[in-house]
$ cat data_35.cif   # mmCIF, C-alpha atoms and all ligand atoms
data_run
loop_
_atom_site.group_PDB
_atom_site.id
_atom_site.type_symbol
_atom_site.label_atom_id
_atom_site.label_comp_id
_atom_site.auth_asym_id
_atom_site.auth_seq_id
_atom_site.Cartn_x
_atom_site.Cartn_y
_atom_site.Cartn_z
ATOM 1 C CA MET A 1289 209.198 67.812 -67.122
ATOM 2 C CA ARG A 1290 208.032 70.720 -69.264
ATOM 3 C CA GLY A 1291 206.930 70.063 -72.848
ATOM 4 C CA ARG A 1292 206.412 72.661 -75.564
ATOM 5 C CA ALA A 1293 207.159 76.294 -74.716
ATOM 6 C CA LEU A 1294 205.837 79.352 -76.558
ATOM 7 C CA ILE A 1295 208.105 82.394 -76.230
ATOM 8 C CA THR A 1296 207.191 85.853 -77.501
ATOM 9 C CA GLY A 1297 210.074 88.081 -78.602
ATOM 10 C CA ALA A 1298 212.413 85.096 -78.887
ATOM 11 C CA THR A 1299 214.767 86.530 -81.509
ATOM 12 C CA ALA A 1300 216.705 88.921 -79.265
ATOM 13 C CA GLY A 1301 217.678 89.687 -75.685
ATOM 14 C CA ILE A 1302 215.902 87.966 -72.794
ATOM 15 C CA GLY A 1303 213.469 86.063 -75.042
ATOM 16 C CA ASN A 1304 216.319 84.648 -77.073
ATOM 17 C CA ALA A 1305 218.097 83.602 -73.867
ATOM 18 C CA PHE A 1306 214.895 81.770 -72.836
ATOM 19 C CA ALA A 1307 214.748 80.051 -76.232
ATOM 20 C CA ARG A 1308 218.369 78.839 -75.996
ATOM 21 C CA GLU A 1309 218.083 77.719 -72.358
ATOM 22 C CA LEU A 1310 214.770 75.882 -72.844
ATOM 23 C CA ALA A 1311 215.969 74.228 -76.064
ATOM 24 C CA SER A 1312 219.137 73.098 -74.257
ATOM 25 C CA ARG A 1313 216.848 71.406 -71.694
ATOM 26 C CA GLY A 1314 215.051 69.540 -74.494
ATOM 27 C CA HIS A 1315 211.887 71.620 -74.852
ATOM 28 C CA ASP A 1316 210.209 71.951 -78.228
ATOM 29 C CA LEU A 1317 209.495 75.591 -78.965
ATOM 30 C CA VAL A 1318 207.095 77.962 -80.656
ATOM 31 C CA ILE A 1319 208.854 81.301 -81.156
ATOM 32 C CA VAL A 1320 207.096 84.562 -81.975
ATOM 33 C CA ALA A 1321 208.384 87.920 -83.265
ATOM 34 C CA ARG A 1322 207.799 90.292 -86.202
ATOM 35 C CA ASN A 1323 210.891 89.686 -88.332
ATOM 36 C CA THR A 1324 210.422 86.415 -90.261
ATOM 37 C CA LYS A 1325 213.985 86.109 -91.577
ATOM 38 C CA ARG A 1326 215.431 86.531 -88.111
ATOM 39 C CA LEU A 1327 212.891 84.054 -86.646
ATOM 40 C CA GLU A 1328 213.847 81.446 -89.266
ATOM 41 C CA ARG A 1329 217.550 82.005 -88.585
ATOM 42 C CA VAL A 1330 217.081 81.608 -84.815
ATOM 43 C CA ALA A 1331 214.866 78.522 -85.302
ATOM 44 C CA ALA A 1332 217.381 76.852 -87.638
ATOM 45 C CA GLY A 1333 220.199 77.454 -85.146
ATOM 46 C CA LEU A 1334 218.182 75.971 -82.269
ATOM 47 C CA ARG A 1335 217.121 72.902 -84.279
ATOM 48 C CA GLU A 1336 220.676 72.227 -85.375
ATOM 49 C CA LYS A 1337 222.276 72.722 -81.960
ATOM 50 C CA TYR A 1338 219.679 71.171 -79.651
ATOM 51 C CA HIS A 1339 217.709 68.758 -81.912
ATOM 52 C CA VAL A 1340 214.323 70.110 -80.810
ATOM 53 C CA GLU A 1341 211.231 71.061 -82.842
ATOM 54 C CA VAL A 1342 210.922 74.812 -83.362
ATOM 55 C CA ASP A 1343 207.798 76.350 -84.940
ATOM 56 C CA VAL A 1344 207.870 80.011 -85.903
ATOM 57 C CA ILE A 1345 205.032 82.525 -85.884
ATOM 58 C CA THR A 1346 205.560 85.891 -87.526
ATOM 59 C CA ALA A 1347 203.275 88.215 -85.623
ATOM 60 C CA ASP A 1348 203.088 91.790 -84.443
ATOM 61 C CA LEU A 1349 201.521 91.203 -81.043
ATOM 62 C CA ALA A 1350 200.330 94.799 -80.874
ATOM 63 C CA THR A 1351 197.842 93.975 -83.670
ATOM 64 C CA HIS A 1352 194.636 91.929 -83.539
ATOM 65 C CA ASP A 1353 195.724 89.563 -86.344
ATOM 66 C CA GLY A 1354 199.176 89.003 -84.859
ATOM 67 C CA LEU A 1355 197.736 88.292 -81.443
ATOM 68 C CA ARG A 1356 195.174 85.871 -82.898
ATOM 69 C CA ALA A 1357 197.963 83.835 -84.535
ATOM 70 C CA ALA A 1358 199.710 83.400 -81.175
ATOM 71 C CA VAL A 1359 196.433 82.653 -79.352
ATOM 72 C CA ASN A 1360 195.662 79.957 -81.960
ATOM 73 C CA ALA A 1361 198.960 78.236 -81.153
ATOM 74 C CA LEU A 1362 198.056 78.228 -77.445
ATOM 75 C CA THR A 1363 194.608 76.703 -78.067
ATOM 76 C CA ASP A 1364 195.822 74.005 -80.489
ATOM 77 C CA THR A 1365 194.914 70.819 -78.597
ATOM 78 C CA ALA A 1366 196.984 68.662 -80.968
ATOM 79 C CA ARG A 1367 200.188 70.522 -80.007
ATOM 80 C CA PRO A 1368 199.681 71.690 -76.412
ATOM 81 C CA VAL A 1369 201.855 74.425 -74.966
ATOM 82 C CA ASP A 1370 202.979 73.718 -71.380
ATOM 83 C CA LEU A 1371 204.993 76.884 -70.793
ATOM 84 C CA LEU A 1372 204.097 80.373 -72.036
ATOM 85 C CA VAL A 1373 206.812 83.033 -71.797
ATOM 86 C CA ASN A 1374 205.176 86.453 -72.260
ATOM 87 C CA ASN A 1375 208.350 88.377 -73.012
ATOM 88 C CA ALA A 1376 207.991 90.676 -76.065
ATOM 89 C CA GLY A 1377 208.137 94.304 -75.028
ATOM 90 C CA SER A 1378 209.468 97.716 -75.903
ATOM 91 C CA SER A 1379 209.359 101.186 -74.448
ATOM 92 C CA VAL A 1380 208.760 104.652 -75.785
ATOM 93 C CA ALA A 1381 211.835 106.812 -75.229
ATOM 94 C CA GLU A 1382 210.188 109.889 -73.724
ATOM 95 C CA TRP A 1383 208.009 110.349 -70.663
ATOM 96 C CA PHE A 1384 204.209 110.206 -70.816
ATOM 97 C CA GLY A 1385 202.845 113.659 -71.575
ATOM 98 C CA ILE A 1386 205.585 114.269 -74.149
ATOM 99 C CA THR A 1387 205.162 111.056 -76.174
ATOM 100 C CA ASN A 1388 202.688 110.637 -79.042
ATOM 101 C CA ILE A 1389 199.533 109.016 -77.734
ATOM 102 C CA GLU A 1390 199.612 106.583 -80.720
ATOM 103 C CA ASP A 1391 202.997 105.301 -79.495
ATOM 104 C CA GLU A 1392 201.544 104.905 -76.004
ATOM 105 C CA ASP A 1393 198.659 102.881 -77.510
ATOM 106 C CA HIS A 1394 201.187 100.599 -79.225
ATOM 107 C CA GLN A 1395 203.138 100.076 -75.989
ATOM 108 C CA LEU A 1396 199.928 99.373 -74.068
ATOM 109 C CA ASP A 1397 198.732 96.871 -76.695
ATOM 110 C CA LEU A 1398 202.086 95.053 -76.693
ATOM 111 C CA MET A 1399 202.726 94.967 -72.955
ATOM 112 C CA VAL A 1400 199.226 94.758 -71.473
ATOM 113 C CA ARG A 1401 196.654 93.675 -74.054
ATOM 114 C CA ALA A 1402 198.840 90.988 -75.678
ATOM 115 C CA PRO A 1403 199.944 89.239 -72.467
ATOM 116 C CA MET A 1404 196.364 89.457 -71.161
ATOM 117 C CA HIS A 1405 194.989 87.642 -74.232
ATOM 118 C CA LEU A 1406 197.822 85.092 -74.242
ATOM 119 C CA MET A 1407 197.391 84.420 -70.507
ATOM 120 C CA ASP A 1408 193.641 84.033 -70.972
ATOM 121 C CA ALA A 1409 194.125 81.397 -73.687
ATOM 122 C CA ALA A 1410 196.915 79.637 -71.786
ATOM 123 C CA ILE A 1411 195.110 79.509 -68.424
ATOM 124 C CA LYS A 1412 191.971 78.063 -70.036
ATOM 125 C CA ALA A 1413 193.982 75.387 -71.866
ATOM 126 C CA MET A 1414 196.287 74.614 -68.929
ATOM 127 C CA THR A 1415 193.602 74.376 -66.219
ATOM 128 C CA GLY A 1416 191.727 72.002 -68.565
ATOM 129 C CA ARG A 1417 194.795 69.753 -68.675
ATOM 130 C CA GLY A 1418 195.573 70.236 -64.951
ATOM 131 C CA HIS A 1419 199.088 71.597 -65.458
ATOM 132 C CA GLY A 1420 201.049 74.410 -67.051
ATOM 133 C CA GLU A 1421 203.336 77.382 -66.416
ATOM 134 C CA ILE A 1422 203.204 81.024 -67.416
ATOM 135 C CA LEU A 1423 206.206 83.296 -67.040
ATOM 136 C CA ASN A 1424 205.503 86.994 -67.554
ATOM 137 C CA VAL A 1425 208.572 89.144 -68.130
ATOM 138 C CA ALA A 1426 207.967 92.324 -66.114
ATOM 139 C CA SER A 1427 210.724 94.521 -64.622
ATOM 140 C CA VAL A 1428 211.927 95.972 -61.313
ATOM 141 C CA ALA A 1429 210.479 99.156 -62.803
ATOM 142 C CA ALA A 1430 207.139 97.675 -61.666
ATOM 143 C CA PHE A 1431 208.039 98.663 -58.083
ATOM 144 C CA THR A 1432 208.738 102.325 -58.900
ATOM 145 C CA PRO A 1433 206.732 105.163 -60.470
ATOM 146 C CA ARG A 1434 208.360 105.621 -63.914
ATOM 147 C CA GLY A 1435 205.691 106.627 -66.426
ATOM 148 C CA THR A 1436 203.523 104.264 -68.425
ATOM 149 C CA TYR A 1437 206.226 101.562 -68.857
ATOM 150 C CA SER A 1438 206.466 100.923 -65.115
ATOM 151 C CA ALA A 1439 202.672 101.151 -64.814
ATOM 152 C CA HIS A 1440 202.285 98.389 -67.435
ATOM 153 C CA LYS A 1441 204.855 96.231 -65.642
ATOM 154 C CA ALA A 1442 203.120 96.842 -62.284
ATOM 155 C CA TRP A 1443 199.884 95.658 -63.900
ATOM 156 C CA ILE A 1444 201.384 92.348 -64.961
ATOM 157 C CA VAL A 1445 203.119 91.792 -61.612
ATOM 158 C CA ASN A 1446 199.815 92.338 -59.827
ATOM 159 C CA LEU A 1447 197.910 90.003 -62.174
ATOM 160 C CA SER A 1448 200.637 87.335 -61.940
ATOM 161 C CA ARG A 1449 200.591 87.413 -58.111
ATOM 162 C CA TRP A 1450 196.832 86.893 -58.122
ATOM 163 C CA ALA A 1451 196.873 84.208 -60.838
ATOM 164 C CA ASN A 1452 199.661 82.261 -59.107
ATOM 165 C CA TYR A 1453 197.524 82.062 -55.974
ATOM 166 C CA HIS A 1454 194.204 81.580 -57.778
ATOM 167 C CA TYR A 1455 195.261 78.848 -60.249
ATOM 168 C CA GLY A 1456 197.929 77.108 -58.147
ATOM 169 C CA ASP A 1457 195.502 74.412 -56.991
ATOM 170 C CA ALA A 1458 194.494 73.838 -60.639
ATOM 171 C CA GLY A 1459 198.142 72.978 -61.394
ATOM 172 C CA VAL A 1460 199.044 76.230 -63.124
ATOM 173 C CA THR A 1461 202.012 78.333 -61.955
ATOM 174 C CA VAL A 1462 202.104 81.997 -62.961
ATOM 175 C CA MET A 1463 205.226 84.037 -62.234
ATOM 176 C CA ALA A 1464 206.311 87.610 -62.980
ATOM 177 C CA LEU A 1465 210.032 87.985 -63.702
ATOM 178 C CA CYS A 1466 211.351 91.377 -62.556
ATOM 179 C CA PRO A 1467 214.916 91.937 -63.790
ATOM 180 C CA GLY A 1468 216.892 95.151 -63.497
ATOM 181 C CA PHE A 1469 218.877 96.531 -66.448
ATOM 182 C CA VAL A 1470 219.785 93.716 -68.852
ATOM 183 C CA ARG A 1471 222.165 94.059 -71.823
ATOM 184 C CA THR A 1472 219.899 93.448 -74.847
ATOM 185 C CA GLU A 1473 218.686 95.432 -77.873
ATOM 186 C CA PHE A 1474 215.989 97.098 -75.756
ATOM 187 C CA HIS A 1475 217.660 100.484 -75.137
ATOM 188 C CA GLN A 1476 219.170 100.631 -78.627
ATOM 189 C CA ARG A 1477 215.634 100.190 -80.054
ATOM 190 C CA MET A 1478 214.520 103.122 -77.868
ATOM 191 C CA GLY A 1479 217.289 105.161 -79.467
ATOM 192 C CA ILE A 1480 218.996 105.961 -76.161
ATOM 193 C CA ASP A 1481 222.391 105.250 -74.626
ATOM 194 C CA PRO A 1482 221.709 104.152 -71.023
ATOM 195 C CA ASN A 1483 225.442 103.758 -70.289
ATOM 196 C CA LYS A 1484 225.516 107.503 -69.598
ATOM 197 C CA SER A 1485 223.116 107.238 -66.657
ATOM 198 C CA VAL A 1486 223.267 103.580 -65.556
ATOM 199 C CA PRO A 1487 226.419 102.449 -63.687
ATOM 200 C CA ARG A 1488 228.161 99.230 -64.765
ATOM 201 C CA TRP A 1489 227.223 97.303 -61.598
ATOM 202 C CA MET A 1490 223.531 97.637 -62.452
ATOM 203 C CA TRP A 1491 223.791 95.667 -65.717
ATOM 204 C CA LEU A 1492 222.725 92.011 -65.803
ATOM 205 C CA ASN A 1493 223.453 89.190 -68.226
ATOM 206 C CA ALA A 1494 220.348 87.790 -69.989
ATOM 207 C CA ASP A 1495 221.492 84.141 -69.721
ATOM 208 C CA LYS A 1496 221.953 84.419 -65.939
ATOM 209 C CA VAL A 1497 218.599 86.189 -65.536
ATOM 210 C CA VAL A 1498 216.874 83.374 -67.413
ATOM 211 C CA LYS A 1499 218.500 80.590 -65.353
ATOM 212 C CA ALA A 1500 217.514 82.343 -62.096
ATOM 213 C CA ALA A 1501 213.973 82.825 -63.422
ATOM 214 C CA LEU A 1502 213.557 79.155 -64.339
ATOM 215 C CA ASP A 1503 214.840 78.126 -60.874
ATOM 216 C CA ASP A 1504 212.215 80.374 -59.281
ATOM 217 C CA LEU A 1505 209.523 79.018 -61.612
ATOM 218 C CA ASP A 1506 210.389 75.496 -60.437
ATOM 219 C CA LYS A 1507 209.792 76.756 -56.889
ATOM 220 C CA ARG A 1508 206.382 78.065 -58.039
ATOM 221 C CA LYS A 1509 207.220 81.617 -56.949
ATOM 222 C CA ALA A 1510 204.770 84.387 -57.926
ATOM 223 C CA VAL A 1511 207.523 86.987 -58.401
ATOM 224 C CA SER A 1512 211.184 86.488 -59.291
ATOM 225 C CA VAL A 1513 213.790 89.250 -58.840
ATOM 226 C CA PRO A 1514 217.185 87.904 -59.999
ATOM 227 C CA THR A 1515 220.380 88.871 -58.102
ATOM 228 C CA VAL A 1516 220.798 89.977 -54.498
ATOM 229 C CA ARG A 1517 221.469 93.599 -55.494
ATOM 230 C CA TYR A 1518 218.132 93.920 -57.270
ATOM 231 C CA LYS A 1519 216.296 92.018 -54.490
ATOM 232 C CA ILE A 1520 217.561 94.722 -52.105
ATOM 233 C CA LEU A 1521 216.611 97.548 -54.502
ATOM 234 C CA ALA A 1522 213.149 96.031 -55.088
ATOM 235 C CA THR A 1523 212.561 95.735 -51.335
ATOM 236 C CA ILE A 1524 213.649 99.354 -50.753
ATOM 237 C CA SER A 1525 211.407 100.484 -53.630
ATOM 238 C CA GLN A 1526 208.383 98.751 -52.108
ATOM 239 C CA TYR A 1527 208.834 99.865 -48.482
ATOM 240 C CA ALA A 1528 210.740 103.201 -48.551
ATOM 241 C CA PRO A 1529 208.716 106.471 -48.406
ATOM 242 C CA LYS A 1530 207.005 106.903 -51.781
ATOM 243 C CA PRO A 1531 208.305 110.469 -52.501
ATOM 244 C CA LEU A 1532 211.887 109.198 -51.972
ATOM 245 C CA VAL A 1533 211.293 106.257 -54.347
ATOM 246 C CA ALA A 1534 209.805 108.600 -56.957
ATOM 247 C CA ARG A 1535 212.913 110.835 -56.697
ATOM 248 C CA MET A 1536 215.279 107.852 -57.060
ATOM 249 C CA ALA A 1537 213.273 106.501 -60.019
ATOM 250 C CA ARG A 1538 213.848 109.683 -62.034
ATOM 251 C CA ARG A 1539 217.427 108.539 -62.648
ATOM 252 C CA GLY A 1540 218.409 106.242 -65.513
ATOM 253 C CA ARG A 1541 216.325 105.088 -68.425
HETATM 254 N N1 LIG B 1 216.616 95.030 -71.288
HETATM 255 C C1 LIG B 1 216.259 95.445 -70.089
HETATM 256 O O1 LIG B 1 217.010 96.211 -69.396
HETATM 257 C C2 LIG B 1 214.961 94.955 -69.486
HETATM 258 C C3 LIG B 1 214.822 95.062 -68.092
HETATM 259 C C4 LIG B 1 213.656 94.611 -67.504
HETATM 260 C C5 LIG B 1 212.650 94.066 -68.280
HETATM 261 N N2 LIG B 1 212.795 94.002 -69.632
HETATM 262 C C6 LIG B 1 211.689 93.413 -70.394
HETATM 263 O O2 LIG B 1 212.169 92.242 -71.026
HETATM 264 C C7 LIG B 1 211.394 91.954 -72.187
HETATM 265 C C8 LIG B 1 212.321 91.661 -73.349
HETATM 266 O O3 LIG B 1 213.119 92.809 -73.569
HETATM 267 P P1 LIG B 1 214.589 92.732 -74.180
HETATM 268 O O4 LIG B 1 215.407 93.661 -73.371
HETATM 269 O O5 LIG B 1 215.010 91.331 -74.338
HETATM 270 O O6 LIG B 1 214.285 93.437 -75.595
HETATM 271 P P2 LIG B 1 214.950 93.245 -77.064
HETATM 272 O O7 LIG B 1 216.363 92.774 -76.961
HETATM 273 O O8 LIG B 1 214.674 94.545 -77.749
HETATM 274 O O9 LIG B 1 214.074 92.074 -77.724
HETATM 275 C C9 LIG B 1 212.708 92.291 -77.998
HETATM 276 C C10 LIG B 1 212.105 91.062 -78.676
HETATM 277 O O10 LIG B 1 210.672 91.270 -78.795
HETATM 278 C C11 LIG B 1 210.297 91.208 -80.170
HETATM 279 N N3 LIG B 1 209.211 92.198 -80.371
HETATM 280 C C12 LIG B 1 209.295 93.543 -80.201
HETATM 281 N N4 LIG B 1 208.114 94.109 -80.508
HETATM 282 C C13 LIG B 1 207.282 93.106 -80.880
HETATM 283 C C14 LIG B 1 205.932 93.070 -81.336
HETATM 284 N N5 LIG B 1 205.197 94.194 -81.508
HETATM 285 N N6 LIG B 1 205.369 91.860 -81.634
HETATM 286 C C15 LIG B 1 206.100 90.729 -81.493
HETATM 287 N N7 LIG B 1 207.391 90.700 -81.068
HETATM 288 C C16 LIG B 1 207.964 91.889 -80.778
HETATM 289 C C17 LIG B 1 211.574 91.531 -80.950
HETATM 290 O O11 LIG B 1 211.598 90.976 -82.268
HETATM 291 P P3 LIG B 1 210.994 91.777 -83.556
HETATM 292 O O12 LIG B 1 211.569 93.156 -83.515
HETATM 293 O O13 LIG B 1 211.412 90.973 -84.743
HETATM 294 O O14 LIG B 1 209.511 91.762 -83.388
HETATM 295 C C18 LIG B 1 212.617 90.829 -80.074
HETATM 296 O O15 LIG B 1 212.611 89.440 -80.354
HETATM 297 C C19 LIG B 1 210.489 93.172 -72.390
HETATM 298 O O16 LIG B 1 209.187 92.882 -71.919
HETATM 299 C C20 LIG B 1 211.133 94.253 -71.531
HETATM 300 O O17 LIG B 1 210.195 95.204 -71.097
HETATM 301 C C21 LIG B 1 213.941 94.416 -70.241
#

$ encode --input "data_35.cif" --output "structure tokens"
Amino acid sequence: MRGRALITGATAGIGNAFARELASRGHDLVIVARNTKRLERVAAGLREKYHVEVDVITADLATHDGLRAAVNALTDTARPVDLLVNNAGSSVAEWFGITNIEDEDHQLDLMVRAPMHLMDAAIKAMTGRGHGEILNVASVAAFTPRGTYSAHKAWIVNLSRWANYHYGDAGVTVMALCPGFVRTEFHQRMGIDPNKSVPRWMWLNADKVVKAALDDLDKRKAVSVPTVRYKILATISQYAPKPLVARMARRGR
């Protein structure tokens, strides 16, 4: 039985699919994103449909103040969080070396610094209680060289693998979720149309990704790669000659 779940980036895409699935299973939620109106709308819908408690935190997780607000929710002993879903993320549209370094800083803060701080707070609270789960949304991009985005995702996969092993005996499961292309607002926010370079068969549905991820979390896996096709691609990416993988990874965005 999981209790309260805190989900970052719960107003759209994969995070929103987590919010709906976890609420449907009876979990109370804390949902985090930057747009207050949209957060309130999502929270009201979840309360009405699933009869669960939903707290909202308006926070830009790439900022110190925003991150502190989310950390405070994780360290609140009166309302413990049993499942942290580190999901919020975005990508710069161009490759490193062309992008503005300020945009790279923002991406790094959101996808590395924020999950690191949230994991730190959650692990300390959860090991103290002797149970808890952390699900870090990474990407299959973690297994390929694709600029700073894939480097950030590789970082969180590596840390999740270690933490799953290291804190397993303390009752805390840590898992990195590595989906392929998922239909969300992600690419639209980047200002690109991936349909031109990504074939139809490579697209996944967020609801199915989330169900597969929660099944793998129940099995206490360190890494979850939903669907057989992406399991095969992830395996090839990890064991094929590196120059070949780098060439393949240049396609699609
Ligand atoms: N879509 C894909 O193909 C794909 C594939 C593999 C992995 N992923 C990963 O999946 C995760 C979710 O992506 P998605 O595709 O679901 O994206 P999405 O549809 O664009 O949703 C992003 C969510 O994160 C929130 N968010 C964005 N920046 C934020 C910030 N600075 N502070 C707090 N919240 C922020 C957004 O709300 P606000 O704008 O209101 O803040 C929104 O709720 C990301 O980590 C992404 O890297 C995506």

$ residues_near_ligand --input "data_35.cif" --ligand "ligand LIG 1 (chain B)" --cutoff "7 Å" --atoms "only C-alpha atoms and all ligand atoms" --output "PyMOL selection string"
chain A and resi 1296-1304+1320-1323+1326+1347-1350+1375-1379+1398-1399+1425-1428+1466-1475+1477

$ residues_near_point --input "data_35.cif" --point "(213.5, 92.6, -58.7)" --cutoff "9 Å" --atoms "only C-alpha atoms" --output "count of residues only"
22

$ residues_near_point --input "data_35.cif" --point "(203.0, 87.9, -57.7)" --cutoff "7 Å" --atoms "all atoms listed in the file" --output "list in words"
Val1445, Asn1446, Ser1448, Arg1449, Trp1450, Asn1452, Met1463, Ala1464, Ala1510 and Val1511 of chain A

$ atom_distance --input "data_35.cif" --atom1 "CA of Asp1495 in chain A" --atom2 "CA of Val1460 in chain A"
24.7 Å

$ closest_residue --input "data_35.cif" --among "A:Gln1476, A:Asn1360, A:Thr1432, A:Asn1374" --to "Lys1530 in chain A" --atoms "all atoms listed in the file"
A:Thr1432

$ atom_distance --input "data_35.cif" --atom1 "CA of Trp1443 in chain A" --atom2 "CA of Val1400 in chain A"
7.7 Å

$ resolve_selection --input "data_35.cif" --expression "the PyMOL selection byres (((chain A and resi 1341) around 10) and not hetatm)" --output "list in words"
Arg1292, Ala1311, Gly1314, His1315, Asp1316, Leu1317, Val1318, Ala1331, Ala1332, Leu1334, Arg1335, Glu1336, Tyr1338, His1339, Val1340, Val1342 and Asp1343 of chain A

$ atom_distance --input "data_35.cif" --atom1 "CA of Gly1459 in chain A" --atom2 "CA of Gly1418 in chain A"
5.2 Å

$ closest_atom_pairs --input "data_35.cif" --of "range 1335-1444 of chain A" --to "range 1502-1506 of chain A" --cutoff "9 Å" --atoms "only C-alpha atoms" --output "JSON lines"
{"residue": "A:Glu1421", "atom": "CA", "partner": "A:Leu1505", "partner_atom": "CA", "distance": 8.0}
{"residue": "A:Ile1422", "atom": "CA", "partner": "A:Leu1505", "partner_atom": "CA", "distance": 8.8}
{"residue": "A:Leu1423", "atom": "CA", "partner": "A:Leu1505", "partner_atom": "CA", "distance": 7.7}

$ closest_residue --input "data_35.cif" --among "A:Ala1494, A:Ala1293, A:Ala1537, A:Met1478" --to "Val1380 in chain A" --atoms "only C-alpha atoms"
A:Met1478

$ closest_residue --input "data_35.cif" --among "A:Ala1358, A:Ala1534, A:Val1330, A:Val1344" --to "Ser1438 in chain A" --atoms "only C-alpha atoms"
A:Ala1534
